[in-house]
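Asker: Sending over a structure as structure tokens; questions will come in a sec.
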Amino acid sequence: MAVTSMGIALPNQPAFLVRENRPKFRVFTVRCSSSGSSQAPTVGLAERPWKTSDARLVLEDGSIWRAKSFGASGTQVGEVVFNTSLTGYQEILTDPSYAGQFVLMTNPHIGNTGVNFDDEESKQCFLAGLVIRSLSISTSNWRCTNTLGEYLAERNIMGIYDVDTRAITRRLRHDGSLIGVLSTEKSKTDEELLEMSRSWDIVGVDLISDVSCNAPYEWVDKTKSDWDFNSDGRNGKTYHVVAYDFGIKHNILRRLTSYGCKITVVPSKWPASETLKMKPDGVLFSNGPGDPSAVPYAVETVKELLGNVPVYGICMGHQLLGQALGGRTFKMKFGHHGGNHPVRNLRKNRVEISAQNHNYAVDPASLPEGVEVTHVNLNDGSCAGLAYARLNVMSLQYHPEASPGPHDSDCAFMDFIELMQPAKQNA
Ligand SMILES: NC(=O)CC[C@H](N)C(=O)O
């Protein structure tokens, strides 16, 4: 399916360089930290305004962006994507679906609320790095426990600021996603960094096995009562859900628990036969990083479970379900990343403003008859949700759990409860 370009026509922009046959490298090999340095640490507090540029972002189109560094030092390669969320940078930093990517925030002012213990969406930051316009010189929030700079340095994640994020965003919208290399190392020439960006690719690489858990575990935390909403209509029953962790965000688990689910989280390669032995009421396929067509083993697992138990896919889980049902996925021009995406819910005939984070999508024209497109992204008409009633399947390309983002689609968790209910009643 053709995705409508939302790009703004920019004169005199360099053409996007398409290169075939790039070698595939793993994502986590390039960053080298500045450990061993005898200098006093300068991370944590924002740098003085007179700090001079000490970092370069080199994009594969040959453009070089000088910036100031914060967080970790070193050299890191990744795919640059822009995120339009106004708030929630900590949830974005800890969303495992950003593995292998630099997140560029279009909101120019970042760091002002620091970080806290509660807003973590996973146990670590898997992203390649953070690109921002302006790093707040102070933090001001009652929950703040650390500054953004210290937080990133502790996690060995590179950040840059004082870079023209608007210009880079316009370039990405015009040319499509670009690979970039971020470096604070003066010894590396611009040509070396450019070559590094041109010899790396994210397409065709399995990233979910790097971010998944190693062994099954039980999840019990609900959304804290101070933050919970939408509790009407929950029927008080307990549903056992097995959740495949392809890079699962904690808020998916919290919301499901609040809706009455008892959850067993399992690794990405957990056999379908073992899941069926657990006799779950439903199975969830989570969000996760990278190319959904590069993980055929996960598609096989989904196929083996289809028809045996009600299933729900979110983002990567939705893309795996699309393939398991016979469809194909494709890479979008620059994807959807942010908390302001309008989606038409065709079943409920209403528009939901949604949180999104994906670079790939399911091509609805490739799906067999009987598979229903339930949600459409109103920015570009791409497929945002699927259902297949005969096999008790539902899926969303975006994030009903928000975190960060609007809560309009929280009702999708209730839809999953309703999908599981008939089988539970007959049991
Ligand atoms: N959030 C996700 O699950 C991302 C899905 C997939 N990795 C994509 O970029 O399209």
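A note on labels: chains of the structure tokens are A, B, ... as shown, every chain counts residues from 1, and ligands are counted from 1 in their shown order.
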Please, which residues have at least one atom within 9 Å of an atom of ligand 1, using only C-alpha atoms and all ligand atoms, listed as a ChimeraX atom specification?

Answerer: /A:95-99,207-208,246-248,286-292,314-319,329-332,335-337,356-361,397-399

Asker: Could you give me the residues within range 263-298 of chain A that DSSP places in alpha helix (DSSP H), as a list in words?

Answerer: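 Listing alpha helix (DSSP H) positions across range 263-298 of chain A yields Ala272, Ser273, Glu274, Thr275, Leu276, Lys277, Pro296, Tyr297 and Ala298 of chain A.
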
Asker: Grab the residues selected above and save them as a CSV table (one decimal), in the first residue's frame with C-alpha atoms.

Answerer:
```csv
chain,number,residue,atom,x,y,z
A,272,ALA,CA,4.1,-22.0,21.6
A,273,SER,CA,3.7,-25.5,23.0
A,274,GLU,CA,4.9,-24.4,26.4
A,275,THR,CA,2.5,-21.4,26.3
A,276,LEU,CA,-0.4,-23.7,25.6
A,277,LYS,CA,0.6,-25.9,28.5
A,296,PRO,CA,10.5,-15.4,11.3
A,297,TYR,CA,10.8,-17.5,14.4
A,298,ALA,CA,8.4,-15.1,16.2
```

Asker: Tell me which of A:Val265, A:Gly339, A:Cys383, A:Leu320 sits closest to Ala355 in chain A, counting only C-alpha atoms.

Answerer: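 Of the candidates, the smallest distance to Ala355 in chain A is held by A:Gly339.
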
Asker: Would you please give, as number ranges by chain, all residues of range 202-252 of chain A that DSSP assigns to strand (DSSP E or B) based on the backbone?

Answerer: A: 217-219, 239-245

Asker: Please produce a file of the residues just selected, as an mmCIF file, in the first residue's frame, where the atoms kept are N, CA and C atoms.

Answerer:
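Written output follows (result_39.cif):
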```cif
data_model
loop_
_atom_site.group_PDB
_atom_site.id
_atom_site.type_symbol
_atom_site.label_atom_id
_atom_site.label_comp_id
_atom_site.auth_asym_id
_atom_site.auth_seq_id
_atom_site.Cartn_x
_atom_site.Cartn_y
_atom_site.Cartn_z
ATOM 1 N N TYR A 217 8.622 -14.785 33.921
ATOM 2 C CA TYR A 217 8.388 -14.226 35.258
ATOM 3 C C TYR A 217 6.937 -13.754 35.377
ATOM 4 N N GLU A 218 6.484 -13.614 36.622
ATOM 5 C CA GLU A 218 5.112 -13.140 36.855
ATOM 6 C C GLU A 218 5.130 -11.626 37.026
ATOM 7 N N TRP A 219 4.109 -10.957 36.522
ATOM 8 C CA TRP A 219 3.989 -9.493 36.690
ATOM 9 C C TRP A 219 2.749 -9.216 37.540
ATOM 10 N N TYR A 239 -8.076 -13.031 34.557
ATOM 11 C CA TYR A 239 -7.712 -13.713 33.308
ATOM 12 C C TYR A 239 -6.212 -13.982 33.330
ATOM 13 N N HIS A 240 -5.840 -15.193 32.983
ATOM 14 C CA HIS A 240 -4.401 -15.468 32.902
ATOM 15 C C HIS A 240 -3.926 -15.167 31.478
ATOM 16 N N VAL A 241 -3.005 -14.209 31.388
ATOM 17 C CA VAL A 241 -2.476 -13.806 30.082
ATOM 18 C C VAL A 241 -0.980 -14.141 30.028
ATOM 19 N N VAL A 242 -0.569 -14.803 28.957
ATOM 20 C CA VAL A 242 0.870 -14.978 28.706
ATOM 21 C C VAL A 242 1.289 -13.850 27.770
ATOM 22 N N ALA A 243 2.272 -13.073 28.193
ATOM 23 C CA ALA A 243 2.718 -11.912 27.402
ATOM 24 C C ALA A 243 4.107 -12.199 26.833
ATOM 25 N N TYR A 244 4.193 -12.262 25.496
ATOM 26 C CA TYR A 244 5.509 -12.423 24.852
ATOM 27 C C TYR A 244 6.260 -11.099 24.917
ATOM 28 N N ASP A 245 7.475 -11.166 25.472
ATOM 29 C CA ASP A 245 8.289 -9.965 25.657
ATOM 30 C C ASP A 245 9.229 -9.798 24.465
#
```

Asker: Can you list, as a ChimeraX atom specification, every protein, DNA or RNA residue that comes within 12 Å of Ile202 in chain A when you count only C-alpha atoms, leaving out same-chain residues fewer than 3 positions away?

Answerer: /A:22-28,77-80,98-102,128,177-180,197-199,205-207,289-294,331,359-360

Asker: Would you save the residues of that selection, restricted to N, CA, C and O atoms, as a tab-separated table (two decimals), in the first residue's frame?

Answerer:
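What follows is the written file again_2.tsv:
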```tsv
chain	number	residue	atom	x	y	z
A	22	ARG	N	24.12	-3.36	2.05
A	22	ARG	CA	24.93	-2.92	3.18
A	22	ARG	C	25.18	-4.11	4.09
A	22	ARG	O	24.28	-4.91	4.32
A	23	PRO	N	26.38	-4.23	4.64
A	23	PRO	CA	26.60	-5.30	5.61
A	23	PRO	C	25.72	-5.08	6.84
A	23	PRO	O	25.41	-3.94	7.19
A	24	LYS	N	25.30	-6.17	7.46
A	24	LYS	CA	24.45	-6.06	8.65
A	24	LYS	C	25.33	-6.18	9.90
A	24	LYS	O	25.97	-7.18	10.11
A	25	PHE	N	25.33	-5.14	10.70
A	25	PHE	CA	26.06	-5.19	11.96
A	25	PHE	C	25.06	-5.24	13.09
A	25	PHE	O	23.95	-4.77	12.95
A	26	ARG	N	25.50	-5.77	14.20
A	26	ARG	CA	24.64	-5.70	15.37
A	26	ARG	C	24.69	-4.28	15.91
A	26	ARG	O	25.63	-3.54	15.65
A	27	VAL	N	23.67	-3.94	16.67
A	27	VAL	CA	23.51	-2.53	17.02
A	27	VAL	C	24.44	-2.07	18.14
A	27	VAL	O	24.87	-0.95	18.17
A	28	PHE	N	24.77	-2.97	19.04
A	28	PHE	CA	25.39	-2.49	20.28
A	28	PHE	C	26.92	-2.60	20.27
A	28	PHE	O	27.54	-2.84	21.27
A	77	VAL	N	26.54	4.45	16.26
A	77	VAL	CA	25.79	4.49	15.01
A	77	VAL	C	24.32	4.12	15.28
A	77	VAL	O	24.03	3.36	16.21
A	78	GLY	N	23.41	4.65	14.50
A	78	GLY	CA	21.99	4.32	14.67
A	78	GLY	C	21.15	5.00	13.60
A	78	GLY	O	21.66	5.76	12.78
A	79	GLU	N	19.87	4.69	13.62
A	79	GLU	CA	18.93	5.30	12.68
A	79	GLU	C	18.28	6.50	13.38
A	79	GLU	O	17.83	6.37	14.52
A	80	VAL	N	18.23	7.64	12.71
A	80	VAL	CA	17.67	8.84	13.35
A	80	VAL	C	16.16	8.91	13.08
A	80	VAL	O	15.74	8.85	11.92
A	98	TYR	N	12.98	1.49	20.77
A	98	TYR	CA	13.91	2.43	20.15
A	98	TYR	C	15.33	1.86	20.02
A	98	TYR	O	16.25	2.60	19.66
A	99	ALA	N	15.52	0.58	20.33
A	99	ALA	CA	16.87	0.00	20.18
A	99	ALA	C	17.39	0.26	18.78
A	99	ALA	O	16.66	0.09	17.80
A	100	GLY	N	18.62	0.69	18.69
A	100	GLY	CA	19.24	0.94	17.38
A	100	GLY	C	18.90	2.29	16.79
A	100	GLY	O	19.32	2.59	15.67
A	101	GLN	N	18.15	3.12	17.52
A	101	GLN	CA	17.74	4.41	16.95
A	101	GLN	C	18.18	5.59	17.82
A	101	GLN	O	18.22	5.48	19.05
A	102	PHE	N	18.49	6.70	17.15
A	102	PHE	CA	18.65	7.98	17.84
A	102	PHE	C	17.28	8.63	17.86
A	102	PHE	O	16.66	8.78	16.79
A	128	ALA	N	19.92	4.26	20.84
A	128	ALA	CA	21.31	4.58	20.49
A	128	ALA	C	21.73	5.93	21.07
A	128	ALA	O	22.90	6.12	21.42
A	177	SER	N	13.92	8.20	6.64
A	177	SER	CA	14.83	7.90	7.76
A	177	SER	C	16.27	7.83	7.27
A	177	SER	O	16.54	7.36	6.17
A	178	LEU	N	17.19	8.32	8.08
A	178	LEU	CA	18.61	8.30	7.71
A	178	LEU	C	19.42	7.65	8.84
A	178	LEU	O	19.12	7.82	10.02
A	179	ILE	N	20.46	6.95	8.44
A	179	ILE	CA	21.40	6.42	9.42
A	179	ILE	C	22.37	7.55	9.77
A	179	ILE	O	22.75	8.35	8.91
A	180	GLY	N	22.77	7.61	11.04
A	180	GLY	CA	23.71	8.63	11.48
A	180	GLY	C	24.74	8.06	12.43
A	180	GLY	O	24.55	6.98	13.00
A	197	SER	N	28.47	5.37	8.85
A	197	SER	CA	27.02	5.46	8.69
A	197	SER	C	26.57	4.75	7.42
A	197	SER	O	25.50	4.14	7.38
A	198	ARG	N	27.41	4.78	6.39
A	198	ARG	CA	27.00	4.18	5.11
A	198	ARG	C	27.22	2.67	5.08
A	198	ARG	O	26.75	2.01	4.15
A	199	SER	N	27.94	2.15	6.05
A	199	SER	CA	28.19	0.70	6.01
A	199	SER	C	27.39	-0.03	7.09
A	199	SER	O	27.69	-1.16	7.45
A	205	VAL	N	17.55	-6.88	10.52
A	205	VAL	CA	18.26	-7.31	11.72
A	205	VAL	C	17.26	-7.66	12.82
A	205	VAL	O	16.31	-6.92	13.06
A	206	ASP	N	17.50	-8.80	13.49
A	206	ASP	CA	16.67	-9.19	14.64
A	206	ASP	C	17.13	-8.41	15.87
A	206	ASP	O	18.20	-8.66	16.40
A	207	LEU	N	16.33	-7.48	16.30
A	207	LEU	CA	16.68	-6.70	17.49
A	207	LEU	C	15.92	-7.15	18.73
A	207	LEU	O	16.28	-6.79	19.85
A	289	PRO	N	11.59	-3.66	19.07
A	289	PRO	CA	12.35	-2.88	18.09
A	289	PRO	C	12.59	-3.59	16.76
A	289	PRO	O	12.57	-4.81	16.69
A	290	GLY	N	12.84	-2.80	15.75
A	290	GLY	CA	13.41	-3.31	14.51
A	290	GLY	C	12.41	-3.83	13.49
A	290	GLY	O	11.20	-3.60	13.57
A	291	ASP	N	12.98	-4.54	12.53
A	291	ASP	CA	12.28	-4.98	11.33
A	291	ASP	C	11.45	-6.24	11.63
A	291	ASP	O	12.01	-7.29	11.93
A	292	PRO	N	10.13	-6.16	11.51
A	292	PRO	CA	9.31	-7.33	11.84
A	292	PRO	C	9.49	-8.49	10.87
A	292	PRO	O	9.19	-9.64	11.22
A	293	SER	N	10.03	-8.21	9.68
A	293	SER	CA	10.22	-9.32	8.73
A	293	SER	C	11.54	-10.05	9.00
A	293	SER	O	11.86	-11.04	8.34
A	294	ALA	N	12.31	-9.56	9.98
A	294	ALA	CA	13.61	-10.19	10.29
A	294	ALA	C	13.51	-11.19	11.43
A	294	ALA	O	14.54	-11.68	11.92
A	331	LYS	N	8.67	-1.01	5.14
A	331	LYS	CA	9.27	0.10	5.89
A	331	LYS	C	8.63	1.41	5.43
A	331	LYS	O	8.54	1.66	4.22
A	359	ASN	N	8.30	2.27	12.62
A	359	ASN	CA	8.85	2.62	11.31
A	359	ASN	C	8.35	1.67	10.23
A	359	ASN	O	8.64	1.87	9.06
A	360	TYR	N	7.67	0.60	10.64
A	360	TYR	CA	7.16	-0.39	9.70
A	360	TYR	C	5.64	-0.44	9.84
A	360	TYR	O	5.08	0.01	10.84
```
